[in-house]
Each structure stands twice: as structure tokens, then as C-alpha cells.
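Raw contents of query_36.cif, mmCIF, N, CA and C atoms:
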data_start
#
loop_
_atom_site.label_atom_id
_atom_site.label_comp_id
_atom_site.auth_asym_id
_atom_site.auth_seq_id
_atom_site.Cartn_x
_atom_site.Cartn_y
_atom_site.Cartn_z
N MET A 1 -74.12 165.32 3.28
CA MET A 1 -73.80 163.93 3.04
C MET A 1 -72.42 163.84 2.39
N LYS A 2 -71.62 162.93 2.82
CA LYS A 2 -70.30 162.75 2.23
C LYS A 2 -70.44 162.23 0.81
N LYS A 3 -69.44 162.48 -0.05
CA LYS A 3 -69.61 162.15 -1.45
C LYS A 3 -69.40 160.68 -1.79
N ASN A 4 -68.68 159.90 -1.00
CA ASN A 4 -68.53 158.48 -1.25
C ASN A 4 -69.60 157.75 -0.47
N ASN A 5 -70.59 157.19 -1.15
CA ASN A 5 -71.74 156.57 -0.48
C ASN A 5 -71.66 155.05 -0.50
N LYS A 6 -70.50 154.48 -0.18
CA LYS A 6 -70.37 153.03 -0.12
C LYS A 6 -70.57 152.58 1.31
N LEU A 7 -71.46 151.61 1.50
CA LEU A 7 -71.75 151.01 2.80
C LEU A 7 -71.73 149.50 2.65
N TYR A 8 -71.60 148.81 3.78
CA TYR A 8 -71.76 147.36 3.78
C TYR A 8 -73.25 147.07 3.70
N CYS A 9 -73.67 146.28 2.71
CA CYS A 9 -75.07 145.90 2.54
C CYS A 9 -75.28 144.49 3.08
N THR A 10 -76.19 144.34 4.03
CA THR A 10 -76.46 143.02 4.60
C THR A 10 -77.28 142.17 3.64
N GLY A 11 -77.91 142.78 2.65
CA GLY A 11 -78.64 142.02 1.63
C GLY A 11 -77.72 141.44 0.58
N CYS A 12 -76.73 142.25 0.15
CA CYS A 12 -75.78 141.83 -0.88
C CYS A 12 -74.52 141.19 -0.29
N ASN A 13 -74.32 141.35 1.03
CA ASN A 13 -73.13 140.83 1.74
C ASN A 13 -71.83 141.37 1.17
N LYS A 14 -71.82 142.66 0.82
CA LYS A 14 -70.58 143.29 0.35
C LYS A 14 -70.71 144.80 0.45
N VAL A 15 -69.58 145.47 0.29
CA VAL A 15 -69.56 146.94 0.27
C VAL A 15 -70.01 147.36 -1.12
N ILE A 16 -71.03 148.22 -1.17
CA ILE A 16 -71.64 148.59 -2.43
C ILE A 16 -72.19 150.01 -2.33
N ASN A 17 -72.42 150.65 -3.47
CA ASN A 17 -72.97 152.01 -3.48
C ASN A 17 -74.36 152.06 -2.87
N HIS A 18 -74.61 153.15 -2.15
CA HIS A 18 -75.92 153.41 -1.54
C HIS A 18 -76.35 154.82 -1.91
N THR A 19 -77.61 155.06 -1.82
CA THR A 19 -78.16 156.37 -2.13
C THR A 19 -78.94 156.89 -0.92
N PRO A 20 -78.86 158.20 -0.68
CA PRO A 20 -79.65 158.75 0.43
C PRO A 20 -81.11 158.88 0.04
N LYS A 21 -82.00 158.48 0.90
CA LYS A 21 -83.43 158.72 0.76
C LYS A 21 -83.88 159.25 2.11
N LEU A 22 -84.78 160.21 2.12
CA LEU A 22 -85.11 160.94 3.33
C LEU A 22 -85.46 160.03 4.51
N SER A 23 -86.36 159.07 4.31
CA SER A 23 -86.76 158.22 5.44
C SER A 23 -85.59 157.38 5.94
N ALA A 24 -84.71 156.96 5.04
CA ALA A 24 -83.55 156.17 5.43
C ALA A 24 -82.55 157.02 6.21
N VAL A 25 -82.21 158.19 5.68
CA VAL A 25 -81.22 159.05 6.31
C VAL A 25 -81.69 159.51 7.68
N MET A 26 -82.99 159.78 7.83
CA MET A 26 -83.53 160.21 9.12
C MET A 26 -83.35 159.13 10.19
N SER A 27 -83.25 157.87 9.78
CA SER A 27 -83.08 156.78 10.74
C SER A 27 -81.62 156.29 10.80
N GLY A 28 -80.69 157.05 10.20
CA GLY A 28 -79.28 156.66 10.23
C GLY A 28 -78.96 155.58 9.23
N SER A 29 -79.63 155.59 8.07
CA SER A 29 -79.45 154.57 7.05
C SER A 29 -79.35 155.19 5.67
N MET A 30 -78.96 154.35 4.71
CA MET A 30 -79.02 154.70 3.29
C MET A 30 -79.55 153.46 2.57
N VAL A 31 -79.93 153.62 1.29
CA VAL A 31 -80.56 152.53 0.53
C VAL A 31 -79.59 151.98 -0.52
N CYS A 32 -79.43 150.66 -0.54
CA CYS A 32 -78.55 149.98 -1.49
C CYS A 32 -79.05 150.21 -2.92
N THR A 33 -78.14 150.55 -3.82
CA THR A 33 -78.53 150.80 -5.21
C THR A 33 -78.79 149.50 -5.97
N LYS A 34 -78.36 148.36 -5.44
CA LYS A 34 -78.57 147.08 -6.12
C LYS A 34 -79.83 146.36 -5.63
N CYS A 35 -79.98 146.22 -4.31
CA CYS A 35 -81.10 145.42 -3.78
C CYS A 35 -82.16 146.26 -3.06
N SER A 36 -81.95 147.56 -2.92
CA SER A 36 -82.89 148.50 -2.29
C SER A 36 -83.07 148.29 -0.79
N LYS A 37 -82.18 147.55 -0.15
CA LYS A 37 -82.26 147.33 1.29
C LYS A 37 -81.70 148.55 2.03
N MET A 38 -82.38 148.95 3.11
CA MET A 38 -81.87 150.02 3.96
C MET A 38 -80.77 149.46 4.86
N ASN A 39 -79.63 150.10 4.86
CA ASN A 39 -78.50 149.69 5.68
C ASN A 39 -78.03 150.86 6.51
N GLY A 40 -77.73 150.60 7.76
CA GLY A 40 -77.30 151.65 8.67
C GLY A 40 -75.85 152.04 8.44
N PHE A 41 -75.50 153.22 8.92
CA PHE A 41 -74.10 153.64 8.86
C PHE A 41 -73.27 152.69 9.71
N CYS A 42 -73.86 152.16 10.77
CA CYS A 42 -73.24 151.14 11.60
C CYS A 42 -74.21 149.97 11.67
N THR A 43 -73.74 148.78 11.32
CA THR A 43 -74.59 147.59 11.28
C THR A 43 -74.00 146.50 12.16
N LEU A 44 -74.82 145.96 13.07
CA LEU A 44 -74.42 144.89 13.98
C LEU A 44 -75.20 143.64 13.65
N ILE A 45 -74.47 142.53 13.47
CA ILE A 45 -75.08 141.23 13.18
C ILE A 45 -74.66 140.26 14.27
N LYS A 46 -75.62 139.48 14.79
CA LYS A 46 -75.32 138.48 15.82
C LYS A 46 -75.14 137.13 15.13
N ILE A 47 -73.99 136.49 15.38
CA ILE A 47 -73.69 135.18 14.80
C ILE A 47 -74.65 134.15 15.40
N GLY A 48 -75.24 133.33 14.53
CA GLY A 48 -76.15 132.29 14.97
C GLY A 48 -77.60 132.74 15.09
N ASP A 49 -77.87 134.00 14.78
CA ASP A 49 -79.24 134.53 14.84
C ASP A 49 -79.48 135.36 13.58
N GLU A 50 -79.93 134.70 12.53
CA GLU A 50 -80.07 135.38 11.23
C GLU A 50 -81.14 136.47 11.23
N LEU A 51 -81.98 136.54 12.25
CA LEU A 51 -82.99 137.59 12.34
C LEU A 51 -82.48 138.84 13.05
N PHE A 52 -81.32 138.71 13.73
CA PHE A 52 -80.78 139.85 14.50
C PHE A 52 -79.95 140.74 13.58
N GLU A 53 -80.39 141.98 13.45
CA GLU A 53 -79.67 142.98 12.68
C GLU A 53 -80.03 144.34 13.24
N LYS A 54 -79.04 145.06 13.76
CA LYS A 54 -79.28 146.38 14.35
C LYS A 54 -78.51 147.43 13.56
N HIS A 55 -79.12 148.59 13.39
CA HIS A 55 -78.51 149.69 12.64
C HIS A 55 -78.53 150.95 13.51
N SER A 56 -77.49 151.76 13.35
CA SER A 56 -77.48 153.06 14.02
C SER A 56 -76.58 154.02 13.25
N ALA A 57 -76.69 155.29 13.59
CA ALA A 57 -75.88 156.32 12.93
C ALA A 57 -74.46 156.36 13.47
N ASP A 58 -74.23 155.85 14.68
CA ASP A 58 -72.91 155.91 15.28
C ASP A 58 -72.81 154.86 16.38
N ILE A 59 -71.60 154.58 16.82
CA ILE A 59 -71.37 153.62 17.91
C ILE A 59 -70.32 154.16 18.87
N ARG A 60 -70.33 153.65 20.08
CA ARG A 60 -69.30 153.93 21.08
C ARG A 60 -69.06 152.65 21.88
N TRP A 61 -67.86 152.54 22.41
CA TRP A 61 -67.50 151.43 23.29
C TRP A 61 -67.47 151.98 24.70
N VAL A 62 -68.25 151.38 25.60
CA VAL A 62 -68.41 151.90 26.95
C VAL A 62 -67.54 151.11 27.92
N GLU A 63 -66.73 151.85 28.67
CA GLU A 63 -65.89 151.28 29.71
C GLU A 63 -66.65 151.39 31.03
N PHE A 64 -66.76 150.28 31.74
CA PHE A 64 -67.47 150.26 33.01
C PHE A 64 -66.51 150.11 34.18
N GLU A 65 -66.90 150.69 35.31
CA GLU A 65 -66.17 150.50 36.56
C GLU A 65 -67.20 150.29 37.66
N ASP A 66 -67.13 149.15 38.32
CA ASP A 66 -68.10 148.80 39.38
C ASP A 66 -69.54 148.87 38.87
N GLY A 67 -69.77 148.41 37.62
CA GLY A 67 -71.11 148.36 37.06
C GLY A 67 -71.66 149.68 36.56
N ILE A 68 -70.84 150.73 36.59
CA ILE A 68 -71.29 152.05 36.15
C ILE A 68 -70.45 152.48 34.96
N GLY A 69 -71.13 153.00 33.91
CA GLY A 69 -70.42 153.49 32.74
C GLY A 69 -69.47 154.60 33.13
N LYS A 70 -68.18 154.40 32.87
CA LYS A 70 -67.15 155.34 33.29
C LYS A 70 -66.76 156.29 32.16
N LYS A 71 -66.58 155.73 30.95
CA LYS A 71 -66.07 156.53 29.84
C LYS A 71 -66.47 155.86 28.53
N MET A 72 -66.68 156.68 27.47
CA MET A 72 -66.98 156.17 26.14
C MET A 72 -65.73 156.28 25.26
N HIS A 73 -65.54 155.26 24.43
CA HIS A 73 -64.35 155.19 23.56
C HIS A 73 -64.77 154.93 22.11
N GLU A 74 -63.88 155.25 21.19
CA GLU A 74 -64.15 155.00 19.77
C GLU A 74 -63.56 153.69 19.30
N LYS A 75 -62.68 153.06 20.08
CA LYS A 75 -62.04 151.80 19.71
C LYS A 75 -62.45 150.70 20.67
N VAL A 76 -62.60 149.49 20.15
CA VAL A 76 -62.96 148.33 20.95
C VAL A 76 -61.78 147.91 21.84
N GLN A 77 -62.10 147.42 23.02
CA GLN A 77 -61.12 146.85 23.95
C GLN A 77 -61.82 145.73 24.71
N ILE A 78 -61.06 144.75 25.14
CA ILE A 78 -61.61 143.70 26.00
C ILE A 78 -62.18 144.38 27.24
N GLY A 79 -63.38 143.99 27.63
CA GLY A 79 -64.04 144.55 28.81
C GLY A 79 -65.02 145.67 28.50
N TYR A 80 -64.94 146.26 27.31
CA TYR A 80 -65.87 147.32 26.92
C TYR A 80 -67.16 146.71 26.38
N SER A 81 -68.25 147.48 26.43
CA SER A 81 -69.53 147.08 25.84
C SER A 81 -69.83 148.00 24.66
N LEU A 82 -70.41 147.46 23.63
CA LEU A 82 -70.79 148.26 22.46
C LEU A 82 -72.15 148.91 22.70
N MET A 83 -72.23 150.22 22.47
CA MET A 83 -73.50 150.94 22.52
C MET A 83 -73.74 151.57 21.15
N MET A 84 -74.94 151.35 20.63
CA MET A 84 -75.31 151.92 19.33
C MET A 84 -76.22 153.13 19.56
N SER A 85 -75.95 154.20 18.82
CA SER A 85 -76.67 155.47 19.01
C SER A 85 -78.19 155.30 18.83
N PRO A 86 -78.94 156.24 19.42
CA PRO A 86 -78.52 157.47 20.09
C PRO A 86 -77.94 157.17 21.48
N PHE A 87 -77.10 158.06 21.95
CA PHE A 87 -76.40 157.85 23.22
C PHE A 87 -77.17 158.47 24.37
N ASN A 88 -78.34 157.89 24.65
CA ASN A 88 -79.18 158.32 25.77
C ASN A 88 -79.96 157.10 26.26
N ASP A 89 -81.02 157.29 26.99
CA ASP A 89 -81.80 156.16 27.51
C ASP A 89 -82.49 155.35 26.43
N SER A 90 -82.55 155.88 25.20
CA SER A 90 -83.23 155.19 24.10
C SER A 90 -82.24 154.60 23.10
N PHE A 91 -81.07 154.16 23.57
CA PHE A 91 -80.07 153.62 22.66
C PHE A 91 -80.63 152.43 21.89
N THR A 92 -80.07 152.18 20.70
CA THR A 92 -80.56 151.11 19.83
C THR A 92 -80.24 149.73 20.38
N TRP A 93 -79.00 149.53 20.84
CA TRP A 93 -78.57 148.24 21.36
C TRP A 93 -77.32 148.42 22.19
N MET A 94 -77.17 147.56 23.19
CA MET A 94 -75.94 147.55 23.99
C MET A 94 -75.59 146.10 24.28
N THR A 95 -74.34 145.75 24.03
CA THR A 95 -73.89 144.38 24.28
C THR A 95 -73.40 144.24 25.72
N THR A 96 -73.18 143.00 26.13
CA THR A 96 -72.46 142.76 27.38
C THR A 96 -70.97 143.00 27.07
N SER A 97 -70.11 142.84 28.04
CA SER A 97 -68.68 143.14 27.88
C SER A 97 -68.00 142.23 26.86
N VAL A 98 -67.11 142.82 26.09
CA VAL A 98 -66.32 142.09 25.10
C VAL A 98 -65.32 141.20 25.83
N THR A 99 -65.32 139.91 25.44
CA THR A 99 -64.39 138.95 26.05
C THR A 99 -63.28 138.55 25.09
N GLU A 100 -63.52 138.71 23.76
CA GLU A 100 -62.52 138.33 22.76
C GLU A 100 -62.74 139.14 21.49
N ILE A 101 -61.65 139.64 20.93
CA ILE A 101 -61.69 140.32 19.63
C ILE A 101 -61.10 139.34 18.63
N ILE A 102 -61.95 138.80 17.75
CA ILE A 102 -61.53 137.76 16.80
C ILE A 102 -60.82 138.37 15.61
N GLU A 103 -61.37 139.46 15.07
CA GLU A 103 -60.77 140.14 13.91
C GLU A 103 -61.17 141.60 13.95
N GLU A 104 -60.25 142.47 13.54
CA GLU A 104 -60.54 143.90 13.55
C GLU A 104 -59.77 144.58 12.43
N ASN A 105 -60.45 145.49 11.71
CA ASN A 105 -59.77 146.38 10.78
C ASN A 105 -60.49 147.73 10.83
N ASN A 106 -60.23 148.62 9.89
CA ASN A 106 -60.78 149.98 9.95
C ASN A 106 -62.30 150.04 9.98
N ASN A 107 -62.97 149.10 9.33
CA ASN A 107 -64.43 149.20 9.21
C ASN A 107 -65.17 147.96 9.70
N TYR A 108 -64.50 147.08 10.41
CA TYR A 108 -65.11 145.81 10.77
C TYR A 108 -64.50 145.28 12.08
N VAL A 109 -65.37 144.78 12.96
CA VAL A 109 -64.91 144.11 14.19
C VAL A 109 -65.75 142.86 14.38
N HIS A 110 -65.08 141.74 14.51
CA HIS A 110 -65.73 140.47 14.83
C HIS A 110 -65.32 140.17 16.27
N PHE A 111 -66.30 140.06 17.17
CA PHE A 111 -65.96 139.93 18.59
C PHE A 111 -66.97 139.05 19.31
N LYS A 112 -66.53 138.57 20.48
CA LYS A 112 -67.40 137.80 21.37
C LYS A 112 -67.62 138.61 22.63
N THR A 113 -68.82 138.44 23.21
CA THR A 113 -69.13 139.06 24.49
C THR A 113 -69.35 137.94 25.50
N GLU A 114 -69.80 138.31 26.68
CA GLU A 114 -70.06 137.31 27.72
C GLU A 114 -71.08 136.27 27.30
N ASN A 115 -72.01 136.64 26.38
CA ASN A 115 -73.05 135.68 26.01
C ASN A 115 -73.37 135.60 24.52
N SER A 116 -72.65 136.32 23.65
CA SER A 116 -72.96 136.29 22.21
C SER A 116 -71.71 136.56 21.39
N GLU A 117 -71.85 136.35 20.08
CA GLU A 117 -70.78 136.65 19.13
C GLU A 117 -71.36 137.57 18.07
N TYR A 118 -70.63 138.63 17.69
CA TYR A 118 -71.14 139.66 16.79
C TYR A 118 -70.13 140.01 15.70
N LYS A 119 -70.68 140.58 14.63
CA LYS A 119 -69.88 141.25 13.60
C LYS A 119 -70.44 142.66 13.48
N LEU A 120 -69.56 143.65 13.61
CA LEU A 120 -69.94 145.05 13.50
C LEU A 120 -69.29 145.65 12.26
N TYR A 121 -70.11 146.21 11.38
CA TYR A 121 -69.62 146.92 10.20
C TYR A 121 -69.80 148.40 10.47
N ASN A 122 -68.69 149.12 10.65
CA ASN A 122 -68.75 150.55 10.90
C ASN A 122 -68.58 151.25 9.56
N ASN A 123 -69.68 151.44 8.88
CA ASN A 123 -69.69 151.96 7.51
C ASN A 123 -69.21 153.38 7.40
N GLN A 124 -69.08 154.09 8.50
CA GLN A 124 -68.61 155.48 8.44
C GLN A 124 -67.22 155.55 7.86
N SER A 125 -66.41 154.50 8.04
CA SER A 125 -65.05 154.54 7.52
C SER A 125 -65.01 154.31 6.01
N PHE A 126 -66.10 153.82 5.41
CA PHE A 126 -66.16 153.69 3.95
C PHE A 126 -66.42 155.04 3.30
N MET A 127 -67.02 155.95 4.10
CA MET A 127 -67.53 157.20 3.53
C MET A 127 -66.49 158.29 3.52
#

Produce C-alpha cells that represent the structure in this file.
Amino acid sequence: MKKNNKLYCTGCNKVINHTPKLSAVMSGSMVCTKCSKMNGFCTLIKIGDELFEKHSADIRWVEFEDGIGKKMHEKVQIGYSLMMSPFNDSFTWMTTSVTEIIEENNNYVHFKTENSEYKLYNNQSFM
């Protein structure tokens, strides 16, 4: 485990210290030291749906060609779809293609897809 355990907490709505606990780490999460909420290393929130919250250990942006996944990327681009690990048939979540990138920095992407709007917190960059 990396020594800086700061993640974005969806319960506290800020970057805060987290602690590893076996059940959390096994699912790609850590536990907030303030509110005890499990937060993923990568957290996806859908705007307008307060019940939607997906967590995974890693993410990739998938480039498609003729409806078939062509290549995986680490950076968002218009036309790519977000895939949350694991990267097999049992992936956590996959979005439709990105149509607009509203805001982006090292650990955060606010984007729109063909049918939804999301905020992605890539907590790996905090660590």
C-alpha cells in the first residue's frame, strides 16, 4: 500500500485520509477515517442520480472503431468510453462515448456522454 492514503470521500465530499481494511482493499476501496465510508480508488458519480456511485481499483478509456473496442487509453478523449476495472467480461461499469469534457485535472474529470453526465475521481493520483 502506498504511504499517502488520501482519497476523495463521497460521504465527506472532499479529499481526506483513508485507512486500509482487508474487506475494503480486496474490493478496490479504503475506509474514510472521518465518516467510515468505503471509497474506491476510482469513484464515478452520475449527475442527477444521487443513488449512482461506482467504485473500482482502476479505470481505462476505450477507443472504439466500427463498434469494436480498438485500444485502451489512460487519458480521456472525446469519443472514448470509460471502463472501470476489472478489465474483462465482469467490468464494474462502462459508459457510452464521451461527447464533452467539461473539466479535467490530474485526479478529476467531469464529462458528458451520449446519454449521461458524470464526475470521475481518480484517487490513484492522490496516493

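Counting from CA of Asn13 (chain A), the distance to CA of Ser116 (chain A) is 21.0 Å.
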
Selection near Lys54 (chain A), 7 Å with only N, CA and C atoms, sequence-local residues under 5 positions removed, as a PDB file with N, CA and C atoms, keeping the file's coordinate frame:
ATOM      1  N   GLY A  40     -77.730 150.600   7.760  1.00  0.00           N
ATOM      2  CA  GLY A  40     -77.300 151.650   8.670  1.00  0.00           C
ATOM      3  C   GLY A  40     -75.850 152.040   8.440  1.00  0.00           C
ATOM      4  N   CYS A  42     -73.860 152.160  10.770  1.00  0.00           N
ATOM      5  CA  CYS A  42     -73.240 151.140  11.600  1.00  0.00           C
ATOM      6  C   CYS A  42     -74.210 149.970  11.670  1.00  0.00           C
ATOM      7  N   THR A  43     -73.740 148.780  11.320  1.00  0.00           N
ATOM      8  CA  THR A  43     -74.590 147.590  11.280  1.00  0.00           C
ATOM      9  C   THR A  43     -74.000 146.500  12.160  1.00  0.00           C
ATOM     10  N   LEU A  44     -74.820 145.960  13.070  1.00  0.00           N
ATOM     11  CA  LEU A  44     -74.420 144.890  13.980  1.00  0.00           C
ATOM     12  C   LEU A  44     -75.200 143.640  13.650  1.00  0.00           C
ATOM     13  N   ILE A  45     -74.470 142.530  13.470  1.00  0.00           N
ATOM     14  CA  ILE A  45     -75.080 141.230  13.180  1.00  0.00           C
ATOM     15  C   ILE A  45     -74.660 140.260  14.270  1.00  0.00           C
ATOM     16  N   LYS A  46     -75.620 139.480  14.790  1.00  0.00           N
ATOM     17  CA  LYS A  46     -75.320 138.480  15.820  1.00  0.00           C
ATOM     18  C   LYS A  46     -75.140 137.130  15.130  1.00  0.00           C
ATOM     19  N   THR A  92     -80.070 152.180  20.700  1.00  0.00           N
ATOM     20  CA  THR A  92     -80.560 151.110  19.830  1.00  0.00           C
ATOM     21  C   THR A  92     -80.240 149.730  20.380  1.00  0.00           C
TER      22      THR A  92
END

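Pairwise distance (CA of Lys37 (chain A), CA of His110 (chain A)) equals 22.4 Å.
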
| request: Write out as a ChimeraX atom specification each polymer residue whose atoms come within 6 Å of region 96-109 of chain A, counting all atoms listed in the file; drop sequence neighbours fewer than 6 positions from it. | output: /A:77-82,118-123,125

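Of the listed residues A:Ile59, A:Val15, A:Cys9, A:Val76, the one whose atoms come nearest to Ser36 (chain A) is A:Cys9, with distances taken using only C-alpha atoms.
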
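Considering only N, CA and C atoms, the residue among A:Trp93, A:Phe52, A:Asn17, A:Cys32 positioned nearest to Asn5 (chain A) is A:Asn17.
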
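Every residue of chain A found in helix (DSSP H, G or I) when DSSP is run on the backbone appears here: Leu22, Ser23, Ala24, Val25, Met26, Asn123, Gln124, Ser125 and Phe126 of chain A.
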
### Message
Write out as a ChimeraX atom specification the set of residues from region 22-60 of chain A that DSSP, computed on the backbone, places in strand (DSSP E or B).
### Response
/A:29-32,38-40,42-46,53-56,59-60

re atom C of Glu63 (chain A) and atom N of Ser29 (chain A): distance 26.7 Å
